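A.B. asks: Below you'll find the structure I mean.
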Amino acid sequence: MMRLNRNIRMLTRYSAWANARLFDALTALPDGEATAPRVTGFSNMVNTLNHAYVVDRIWKAHLEGVPHGFTSRTTETKPALADLRAAQTEVDHWYIDYADKLSEVALNEIVRFKFVD
């Protein structure tokens with residue numbers, strides 16, 4: 001179990017690092033590129049990252065055993081890149097703290113959930 005704990009802690013830190021790098025890259029793009037229309041399911045890069053953020057929030061609620069309040073895997077209002085970055089950083093830190101405090105009992109817990117789509 002100690003190895004599993006170590007791996008989970010490492011992966012939460014890696015995810016936060018990767019998110020920071022991704023937001024750094026998007027911030028460095030010319031104005032309007034991150035929100036320019038794209039042929040994707042979420043129409044642009046910021047909306048795609050917003051989707052990932054919403055899913056992180058949904059799983060956070062599942063792990064806490066509380067309702068998440070989302071009815072979709074995206075939000076109706078689309079955040080500005082800087083606001084989304086701040087929100088993602090906050091949830092990344094929550095996952096790191098959660099992993100650092102994860103008990104052996106919690107590691108074996110089955111988390112029941114319903115998909116949001």
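Note on naming: chains are A, B, ... as they come in the structure tokens, residues start from 1 per chain, ligands start from 1 in the order shown.
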So which residues of chain A fall under helix (DSSP H, G or I) by DSSP, listed as a ChimeraX atom specification?

C.D. replies: /A:2-28,45-64,81-101,104-108

A.B. asks: Find the residues near Ala80 of chain A: any atom within 12 Å, counting only C-alpha atoms, skip ones fewer than 4 places away on the same chain, and give them as a list in words.

C.D. replies: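 Within the cut-off, the hits are Phe23, Leu26, Thr27, Gly32, Ala34, Thr35, Met45, Val46, Asn47, Leu49, Asn50, Leu84, Arg85, Ala86 and Ala87 of chain A.
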
A.B. asks: Do you know which residues are at most 7 Å from segment 106-117 of chain A counting only C-alpha atoms, after dropping those on the same chain fewer than 4 positions away, and could you put them as a PyMOL selection string?

C.D. replies: chain A and resi 62-63+71-73+102

A.B. asks: Selection from above, C-alpha atoms, as a short mmCIF file (atom, residue, chain, number, x, y, z; two decimals), in the first residue's frame, can you write it?

C.D. replies:
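What follows is the written file out24.cif:
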data_model
loop_
_atom_site.label_atom_id
_atom_site.label_comp_id
_atom_site.auth_asym_id
_atom_site.auth_seq_id
_atom_site.Cartn_x
_atom_site.Cartn_y
_atom_site.Cartn_z
CA HIS A 62 -17.22 12.08 -5.54
CA LEU A 63 -14.11 11.60 -3.39
CA THR A 71 -25.47 18.70 -14.90
CA SER A 72 -22.96 18.86 -17.74
CA ARG A 73 -19.26 18.22 -18.26
CA LEU A 102 -4.94 9.43 1.84
#

A.B. asks: Tell me, as a list in words, which residues lie within 9 Å of His68 of chain A, counting only C-alpha atoms; anything in the same chain fewer than 6 positions away does not count.

C.D. replies: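 With the cut-off at 9 Å, the set is Arg57, Ile58, Trp59, Lys60, Ala61 and His62 of chain A.
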
A.B. asks: Could you work out how far atom CA of Val105 of chain A lies from atom CA of Tyr53 of chain A, giving the answer in Å with one decimal?

C.D. replies: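 Atom CA of Tyr53 of chain A sits 26.9 Å away from atom CA of Val105 of chain A.
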
A.B. asks: So what do you get for atom CA of Leu81 of chain A versus atom CA of Asp100 of chain A, distance-wise?

C.D. replies: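 The value is 28.4 Å.
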
A.B. asks: Could you give me, as JSON, numbers by chain, the residues within 10 Å of Asn19 of chain A, counting only C-alpha atoms and dropping anything in the same chain fewer than 6 positions from it?

C.D. replies: {"A": [13, 25, 49, 85, 88, 89, 92]}

A.B. asks: Given only C-alpha atoms as the basis, pick out the residue of A:Arg3, A:Thr74, A:Glu104, A:Glu90 nearest to Ala52 of chain A.

C.D. replies: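 Nearest to Ala52 of chain A: A:Thr74.
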
A.B. asks: Using atom CA of Val91 of chain A and atom CA of Asp56 of chain A as the two end points, give the distance in Å to one decimal.

C.D. replies: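 Atom-to-atom, atom CA of Val91 of chain A to atom CA of Asp56 of chain A, that is 7.3 Å.
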